[in-house]
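S.K.: Right, I'll just put the structure down here and ask away after.
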Amino acid sequence: MLGLKRDRRSRSRRGYDRLAPAYQTIERLAFGGQLQRGRAALLGELPKWDQLLLMGDGDGRLLERLCGLVRCAVDGEAKPPGSLRAGSITSVDQSEAMLRRQRHRVEAMDAAPHVDFIRADALEWTPPRGVYDVLVLPFFLDCFRRDELERKLPDWIAGLREGGVVYYVDFCLPEKGWQQCRAKLLLWTMHQFFRLQTGLENRRLVEVTDLFVEAGLRLSRRRVGGGGMITSELWC
């Protein structure tokens, strides 16, 4: 059984490595610019941070936007020698090909000194406790089964300092009508595609609100877009 689990993880890494060059094109064909708008929806409401943890950003389009916020903070505020870097970001992804694209975006805007990259399977990686001011989860939790999230989400959240914020962006289902039917069809198609390409085991949206609440967080801001099927939320 252990060997089979290793094979699944390896298949997932190979799949995302293979998809990396076409990832943005595939997303645009399926959803237009809706996912990127969802990623950016509440960026302006993030608190100032010294340390931010970003998990599963893929080809780095959200990382690029976050680095833009870092540059603004750096340009507008001098930090004393020996202090934490202004707006330091740690980006975690299992795919080396995705991380290469992230590095390329960061280097192109001269923001590399503010970003640390970690290649890791999130289910096997635990952040240091109480380090980060912000945890960003963009279209990431929908990659996991409920039992996996019950086991690992508390560990990821535990990486936050007291008073830290979770920025959660993911799919959701409209309550009723044709938009709900459209969302179900798009999500079913997406899960089937990623199942074939990466061995994705999860086949449906998993409810995570109760897991945030159990971790001691409360919803402070929510914006829904994409025809009612993309939620951007701040939990603190």
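Quick note on naming: the chains in the structure tokens go A, B, ... in the order shown, residues restart at 1 in each chain, and ligands are numbered from 1 in order of appearance.
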Tell me which protein, DNA and RNA residues are within 6 Å of Val166 of chain A, counting only C-alpha atoms, leaving out same-chain ones fewer than 4 positions away, and put them as a PyMOL selection string.
M.R.: chain A and resi 134-136+234-235
S.K.: Env of segment 137-153 of chain A: 10 Å cut, atoms = only C-alpha atoms, seq-sep filter 5 positions within chain, self excluded. Answer as a CSV table (one decimal) with N, CA and C atoms, in the first residue's frame.
M.R.:
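Output saved as around_12.csv:
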chain,number,residue,atom,x,y,z
A,35,LEU,N,-11.1,33.1,-12.6
A,35,LEU,CA,-10.3,32.6,-11.5
A,35,LEU,C,-9.3,33.6,-11.1
A,36,GLN,N,-8.6,34.3,-12.0
A,36,GLN,CA,-7.7,35.3,-11.6
A,36,GLN,C,-8.3,36.5,-10.9
A,38,GLY,N,-10.9,36.2,-9.0
A,38,GLY,CA,-11.2,35.6,-7.7
A,38,GLY,C,-10.0,35.7,-6.8
A,39,ARG,N,-8.8,35.3,-7.4
A,39,ARG,CA,-7.6,35.3,-6.6
A,39,ARG,C,-7.2,36.7,-6.1
A,40,ALA,N,-7.5,37.7,-6.9
A,40,ALA,CA,-7.1,39.1,-6.6
A,40,ALA,C,-8.2,39.9,-5.9
A,53,LEU,N,2.6,32.9,3.8
A,53,LEU,CA,2.7,31.6,3.3
A,53,LEU,C,1.7,31.4,2.2
A,54,LEU,N,2.2,31.1,1.0
A,54,LEU,CA,1.3,30.8,-0.2
A,54,LEU,C,1.4,29.4,-0.6
A,55,MET,N,0.3,28.7,-0.7
A,55,MET,CA,0.3,27.2,-1.0
A,55,MET,C,-0.4,26.9,-2.3
A,56,GLY,N,0.3,26.3,-3.2
A,56,GLY,CA,-0.3,25.8,-4.4
A,56,GLY,C,-0.8,26.8,-5.4
A,57,ASP,N,0.1,27.8,-5.6
A,57,ASP,CA,-0.3,28.9,-6.6
A,57,ASP,C,0.0,28.5,-8.0
A,58,GLY,N,0.5,27.3,-8.3
A,58,GLY,CA,0.6,26.9,-9.7
A,58,GLY,C,1.7,27.7,-10.4
A,62,LEU,N,-0.8,34.7,-8.9
A,62,LEU,CA,-1.1,35.4,-7.7
A,62,LEU,C,0.1,35.8,-7.0
A,122,ALA,N,2.2,18.9,-0.1
A,122,ALA,CA,1.6,19.6,1.0
A,122,ALA,C,1.1,18.6,2.1
A,123,LEU,N,0.7,17.4,1.7
A,123,LEU,CA,0.3,16.4,2.7
A,123,LEU,C,1.4,15.9,3.5
A,124,GLU,N,2.6,16.1,3.1
A,124,GLU,CA,3.8,15.6,3.8
A,124,GLU,C,4.6,16.8,4.5
A,125,TRP,N,4.1,18.0,4.2
A,125,TRP,CA,4.8,19.2,4.7
A,125,TRP,C,4.0,19.9,5.8
A,126,THR,N,4.7,20.3,6.8
A,126,THR,CA,4.1,21.1,7.9
A,126,THR,C,4.9,22.3,8.1
A,158,ALA,N,-1.9,26.2,11.8
A,158,ALA,CA,-1.1,26.4,12.9
A,158,ALA,C,0.2,27.2,12.6
A,166,VAL,N,-6.2,34.0,7.2
A,166,VAL,CA,-6.3,33.1,6.1
A,166,VAL,C,-7.0,33.7,4.9
A,167,TYR,N,-6.4,33.8,3.8
A,167,TYR,CA,-7.0,34.2,2.6
A,167,TYR,C,-7.3,33.0,1.7
A,168,TYR,N,-8.6,32.7,1.6
A,168,TYR,CA,-9.1,31.5,1.0
A,168,TYR,C,-9.9,31.8,-0.3
A,169,VAL,N,-9.4,31.2,-1.4
A,169,VAL,CA,-10.1,31.5,-2.7
A,169,VAL,C,-10.4,30.1,-3.3
A,170,ASP,N,-11.6,29.8,-3.6
A,170,ASP,CA,-11.9,28.5,-4.2
A,170,ASP,C,-13.3,28.5,-4.9
A,171,PHE,N,-13.7,27.4,-5.4
A,171,PHE,CA,-15.0,27.2,-6.0
A,171,PHE,C,-16.0,27.0,-5.0
A,172,CYS,N,-17.3,27.4,-5.4
A,172,CYS,CA,-18.4,27.2,-4.5
A,172,CYS,C,-19.6,27.0,-5.5
A,191,HIS,N,-12.9,18.3,-12.5
A,191,HIS,CA,-12.4,17.2,-11.7
A,191,HIS,C,-12.0,16.0,-12.6
A,194,PHE,N,-8.6,16.8,-14.3
A,194,PHE,CA,-7.4,16.7,-13.4
A,194,PHE,C,-7.2,15.3,-12.9
A,200,LEU,N,-5.9,13.1,-9.6
A,200,LEU,CA,-6.7,13.7,-8.6
A,200,LEU,C,-7.7,12.8,-8.1
A,201,GLU,N,-7.7,12.5,-6.7
A,201,GLU,CA,-8.7,11.6,-6.2
A,201,GLU,C,-10.0,12.3,-5.8
A,202,ASN,N,-10.0,13.5,-5.4
A,202,ASN,CA,-11.2,14.2,-5.0
A,202,ASN,C,-12.1,14.4,-6.2
A,203,ARG,N,-13.4,14.1,-6.1
A,203,ARG,CA,-14.3,14.2,-7.3
A,203,ARG,C,-15.4,15.2,-7.0
A,204,ARG,N,-15.3,15.9,-5.9
A,204,ARG,CA,-16.4,16.9,-5.6
A,204,ARG,C,-15.9,18.0,-4.7
A,205,LEU,N,-16.6,19.1,-4.6
A,205,LEU,CA,-16.2,20.1,-3.7
A,205,LEU,C,-16.4,19.6,-2.2
A,206,VAL,N,-15.4,20.0,-1.4
A,206,VAL,CA,-15.4,19.6,0.0
A,206,VAL,C,-15.7,20.8,0.8
A,207,GLU,N,-16.7,20.7,1.7
A,207,GLU,CA,-17.0,21.8,2.7
A,207,GLU,C,-15.9,22.0,3.6
A,208,VAL,N,-15.4,23.2,3.8
A,208,VAL,CA,-14.3,23.5,4.7
A,208,VAL,C,-14.6,24.6,5.7
A,211,LEU,N,-14.2,23.5,9.2
A,211,LEU,CA,-12.8,23.2,9.6
A,211,LEU,C,-12.1,24.5,10.0
A,212,PHE,N,-12.4,25.6,9.3
A,212,PHE,CA,-11.9,26.9,9.7
A,212,PHE,C,-12.4,27.3,11.1
A,215,ALA,N,-10.8,25.6,13.8
A,215,ALA,CA,-9.5,26.0,14.0
A,215,ALA,C,-9.4,27.4,14.8
A,230,ILE,N,-17.3,31.3,-7.5
A,230,ILE,CA,-16.0,31.5,-7.0
A,230,ILE,C,-16.1,32.4,-5.7
A,231,THR,N,-15.6,31.9,-4.6
A,231,THR,CA,-15.6,32.6,-3.3
A,231,THR,C,-14.2,33.1,-2.9
A,232,SER,N,-14.1,34.3,-2.5
A,232,SER,CA,-12.9,34.9,-2.0
A,232,SER,C,-13.2,35.3,-0.5
A,233,GLU,N,-12.4,34.7,0.4
A,233,GLU,CA,-12.8,34.9,1.8
A,233,GLU,C,-11.6,35.3,2.7
S.K.: Here is a test: counting only C-alpha atoms, which residue of A:Val224, A:Phe117, A:Leu69, A:Gly33 is nearest to Pro47 of chain A?
M.R.: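 Closest candidate: A:Leu69.
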S.K.: Report the residues of segment 1-235 of chain A whose backbone DSSP state falls under strand (DSSP E or B), written as a VMD selection string.
M.R.: chain A and resid 51 to 55 88 to 93 115 to 119 132 to 138 160 to 171 219 to 225 230 to 235
S.K.: Deliver the residues from the most recent selection as a file, using N, CA and C atoms, as a short mmCIF file (atom, residue, chain, number, x, y, z; two decimals), in the first residue's frame.
M.R.:
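In the end it all went to selection-v3.cif:
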data_model
loop_
_atom_site.label_atom_id
_atom_site.label_comp_id
_atom_site.auth_asym_id
_atom_site.auth_seq_id
_atom_site.Cartn_x
_atom_site.Cartn_y
_atom_site.Cartn_z
N GLN A 51 5.68 37.98 7.15
CA GLN A 51 5.83 36.64 6.59
C GLN A 51 4.47 36.16 6.06
N LEU A 52 4.45 35.77 4.81
CA LEU A 52 3.22 35.27 4.18
C LEU A 52 3.51 33.89 3.60
N LEU A 53 2.59 32.94 3.81
CA LEU A 53 2.72 31.59 3.28
C LEU A 53 1.68 31.39 2.18
N LEU A 54 2.16 31.06 0.98
CA LEU A 54 1.31 30.84 -0.19
C LEU A 54 1.43 29.38 -0.60
N MET A 55 0.30 28.68 -0.68
CA MET A 55 0.34 27.25 -0.96
C MET A 55 -0.41 26.93 -2.26
N SER A 88 8.05 39.36 3.23
CA SER A 88 8.64 38.10 2.80
C SER A 88 7.54 37.08 2.50
N ILE A 89 7.71 36.31 1.42
CA ILE A 89 6.72 35.33 0.97
C ILE A 89 7.40 33.97 0.86
N THR A 90 6.74 32.93 1.36
CA THR A 90 7.16 31.55 1.14
C THR A 90 6.12 30.88 0.27
N SER A 91 6.55 30.36 -0.88
CA SER A 91 5.63 29.70 -1.82
C SER A 91 5.92 28.21 -1.86
N VAL A 92 4.89 27.42 -1.59
CA VAL A 92 5.02 25.96 -1.53
C VAL A 92 4.23 25.34 -2.68
N ASP A 93 4.88 24.47 -3.44
CA ASP A 93 4.21 23.75 -4.52
C ASP A 93 4.95 22.43 -4.74
N VAL A 115 11.18 36.29 -1.86
CA VAL A 115 10.43 35.04 -2.00
C VAL A 115 11.34 33.84 -1.75
N ASP A 116 10.85 32.92 -0.93
CA ASP A 116 11.49 31.62 -0.73
C ASP A 116 10.58 30.56 -1.34
N PHE A 117 11.17 29.62 -2.07
CA PHE A 117 10.41 28.57 -2.73
C PHE A 117 10.69 27.23 -2.05
N ILE A 118 9.62 26.48 -1.84
CA ILE A 118 9.73 25.15 -1.26
C ILE A 118 8.98 24.17 -2.16
N ARG A 119 9.70 23.17 -2.67
CA ARG A 119 9.01 22.11 -3.42
C ARG A 119 8.69 20.98 -2.45
N TYR A 132 3.78 32.79 10.45
CA TYR A 132 3.26 33.58 9.34
C TYR A 132 2.12 34.50 9.78
N ASP A 133 2.07 35.66 9.15
CA ASP A 133 0.98 36.62 9.39
C ASP A 133 -0.23 36.32 8.51
N VAL A 134 0.02 35.78 7.32
CA VAL A 134 -1.05 35.51 6.35
C VAL A 134 -0.80 34.13 5.72
N LEU A 135 -1.85 33.34 5.60
CA LEU A 135 -1.83 32.07 4.88
C LEU A 135 -2.76 32.20 3.69
N VAL A 136 -2.24 31.98 2.47
CA VAL A 136 -3.02 32.14 1.25
C VAL A 136 -3.25 30.77 0.62
N LEU A 137 -4.52 30.44 0.37
CA LEU A 137 -4.92 29.13 -0.18
C LEU A 137 -5.76 29.36 -1.43
N PRO A 138 -5.14 29.53 -2.60
CA PRO A 138 -5.88 29.87 -3.81
C PRO A 138 -6.20 28.63 -4.68
N LEU A 160 0.22 30.01 11.40
CA LEU A 160 -0.08 31.43 11.61
C LEU A 160 0.29 31.89 13.02
N ARG A 161 0.73 33.14 13.10
CA ARG A 161 0.89 33.78 14.39
C ARG A 161 -0.48 34.09 14.98
N GLU A 162 -0.53 34.40 16.25
CA GLU A 162 -1.78 34.83 16.87
C GLU A 162 -2.29 36.08 16.15
N GLY A 163 -3.54 36.07 15.76
CA GLY A 163 -4.11 37.18 15.02
C GLY A 163 -3.88 37.10 13.53
N GLY A 164 -3.30 35.98 13.06
CA GLY A 164 -3.03 35.83 11.63
C GLY A 164 -4.31 35.64 10.81
N VAL A 165 -4.16 35.78 9.50
CA VAL A 165 -5.30 35.79 8.58
C VAL A 165 -5.14 34.69 7.53
N VAL A 166 -6.23 34.01 7.22
CA VAL A 166 -6.29 33.08 6.10
C VAL A 166 -7.02 33.75 4.95
N TYR A 167 -6.37 33.77 3.77
CA TYR A 167 -7.03 34.25 2.56
C TYR A 167 -7.34 33.02 1.72
N TYR A 168 -8.61 32.69 1.64
CA TYR A 168 -9.09 31.46 1.00
C TYR A 168 -9.86 31.82 -0.26
N VAL A 169 -9.43 31.24 -1.39
CA VAL A 169 -10.13 31.45 -2.66
C VAL A 169 -10.39 30.09 -3.28
N ASP A 170 -11.63 29.82 -3.64
CA ASP A 170 -11.93 28.51 -4.22
C ASP A 170 -13.30 28.52 -4.88
N PHE A 171 -13.66 27.37 -5.40
CA PHE A 171 -14.96 27.21 -6.04
C PHE A 171 -16.05 27.05 -4.98
N LEU A 219 -15.14 34.14 9.82
CA LEU A 219 -15.21 34.79 8.52
C LEU A 219 -15.37 36.30 8.73
N SER A 220 -14.45 37.08 8.16
CA SER A 220 -14.54 38.53 8.32
C SER A 220 -14.91 39.25 7.03
N ARG A 221 -14.69 38.61 5.89
CA ARG A 221 -15.01 39.25 4.60
C ARG A 221 -15.20 38.17 3.56
N ARG A 222 -16.20 38.36 2.70
CA ARG A 222 -16.44 37.39 1.62
C ARG A 222 -16.92 38.11 0.39
N ARG A 223 -16.39 37.71 -0.76
CA ARG A 223 -16.86 38.23 -2.04
C ARG A 223 -17.05 37.05 -2.99
N VAL A 224 -18.20 37.00 -3.62
CA VAL A 224 -18.52 35.91 -4.54
C VAL A 224 -18.55 36.44 -5.97
N GLY A 225 -17.89 35.75 -6.88
CA GLY A 225 -17.86 36.16 -8.28
C GLY A 225 -17.97 34.95 -9.19
N ILE A 230 -17.31 31.27 -7.50
CA ILE A 230 -15.98 31.51 -6.96
C ILE A 230 -16.10 32.38 -5.72
N THR A 231 -15.58 31.89 -4.61
CA THR A 231 -15.64 32.63 -3.35
C THR A 231 -14.24 33.06 -2.93
N SER A 232 -14.12 34.31 -2.52
CA SER A 232 -12.87 34.85 -1.97
C SER A 232 -13.17 35.30 -0.55
N GLU A 233 -12.43 34.74 0.42
CA GLU A 233 -12.78 34.94 1.82
C GLU A 233 -11.56 35.27 2.67
N LEU A 234 -11.77 36.11 3.66
CA LEU A 234 -10.76 36.39 4.69
C LEU A 234 -11.26 35.80 6.00
N TRP A 235 -10.42 34.97 6.63
CA TRP A 235 -10.72 34.38 7.92
C TRP A 235 -9.66 34.83 8.92
#
S.K.: Given the choices A:Met98, A:Val213, A:Val106, A:Cys236, which gets closest to Glu64 of chain A if the distance is worked out from only C-alpha atoms?
M.R.: A:Val106
S.K.: Which of segment 1-235 of chain A counts as alpha helix (DSSP H) under DSSP, as a PyMOL selection string please?
M.R.: chain A and resi 2-19+23-31+34-40+61-76+96-108+146-157+177-198+209-214
S.K.: Near Tyr16 of chain A, within 12 Å and counting only C-alpha atoms, which residues show up once chain neighbours fewer than 2 positions away are dropped, as JSON, numbers by chain?
M.R.: {"A": [9, 10, 11, 12, 13, 14, 18, 19, 20, 21, 22, 23, 56, 57, 58, 59, 93, 94, 95, 96, 97, 98, 99, 193, 194, 195, 196, 197, 198, 199, 200]}
S.K.: Please measure the separation of atom CA of Leu217 of chain A and atom CA of Pro174 of chain A, giving the value in Å to one decimal.
M.R.: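 That distance, rounded to one decimal, is 23.6 Å.
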S.K.: If you count only C-alpha atoms, which residues fall within 6 Å of Gly159 of chain A, apart from same-chain ones fewer than 6 positions away, as an MDAnalysis selection string?
M.R.: chainID A and resid 127:132
S.K.: Save the residues we just selected, all heavy atoms, as a short mmCIF file (atom, residue, chain, number, x, y, z; two decimals), in the first residue's frame?
M.R.:
data_model
loop_
_atom_site.label_atom_id
_atom_site.label_comp_id
_atom_site.auth_asym_id
_atom_site.auth_seq_id
_atom_site.Cartn_x
_atom_site.Cartn_y
_atom_site.Cartn_z
N PRO A 127 4.28 23.51 8.08
CA PRO A 127 5.03 24.76 8.32
C PRO A 127 5.43 24.88 9.78
O PRO A 127 4.82 24.26 10.66
CB PRO A 127 4.01 25.84 7.94
CG PRO A 127 2.69 25.22 8.21
CD PRO A 127 2.84 23.76 7.87
N PRO A 128 6.46 25.67 10.06
CA PRO A 128 6.77 25.96 11.46
C PRO A 128 5.60 26.68 12.12
O PRO A 128 4.89 27.45 11.49
CB PRO A 128 8.01 26.86 11.36
CG PRO A 128 7.95 27.45 9.98
CD PRO A 128 7.34 26.40 9.12
N ARG A 129 5.38 26.40 13.37
CA ARG A 129 4.22 26.95 14.08
C ARG A 129 4.44 28.42 14.42
O ARG A 129 5.53 28.85 14.80
CB ARG A 129 3.94 26.17 15.35
CG ARG A 129 3.53 24.72 15.11
CD ARG A 129 3.29 24.00 16.42
NE ARG A 129 2.13 24.53 17.12
CZ ARG A 129 0.89 24.09 16.98
NH1 ARG A 129 0.64 23.11 16.12
NH2 ARG A 129 -0.10 24.62 17.67
N GLY A 130 3.35 29.20 14.27
CA GLY A 130 3.35 30.57 14.74
C GLY A 130 4.31 31.52 14.05
O GLY A 130 4.81 32.46 14.67
N VAL A 131 4.54 31.32 12.75
CA VAL A 131 5.53 32.12 12.02
C VAL A 131 4.89 33.14 11.09
O VAL A 131 5.37 34.27 10.97
CB VAL A 131 6.47 31.20 11.21
CG1 VAL A 131 7.32 32.00 10.22
CG2 VAL A 131 7.37 30.40 12.16
N TYR A 132 3.78 32.79 10.45
CA TYR A 132 3.26 33.58 9.34
C TYR A 132 2.12 34.50 9.78
O TYR A 132 1.31 34.16 10.64
CB TYR A 132 2.78 32.66 8.21
CG TYR A 132 3.88 31.80 7.67
CD1 TYR A 132 4.04 30.48 8.10
CD2 TYR A 132 4.78 32.30 6.75
CE1 TYR A 132 5.07 29.70 7.62
CE2 TYR A 132 5.81 31.52 6.25
CZ TYR A 132 5.95 30.22 6.70
OH TYR A 132 6.98 29.44 6.23
#
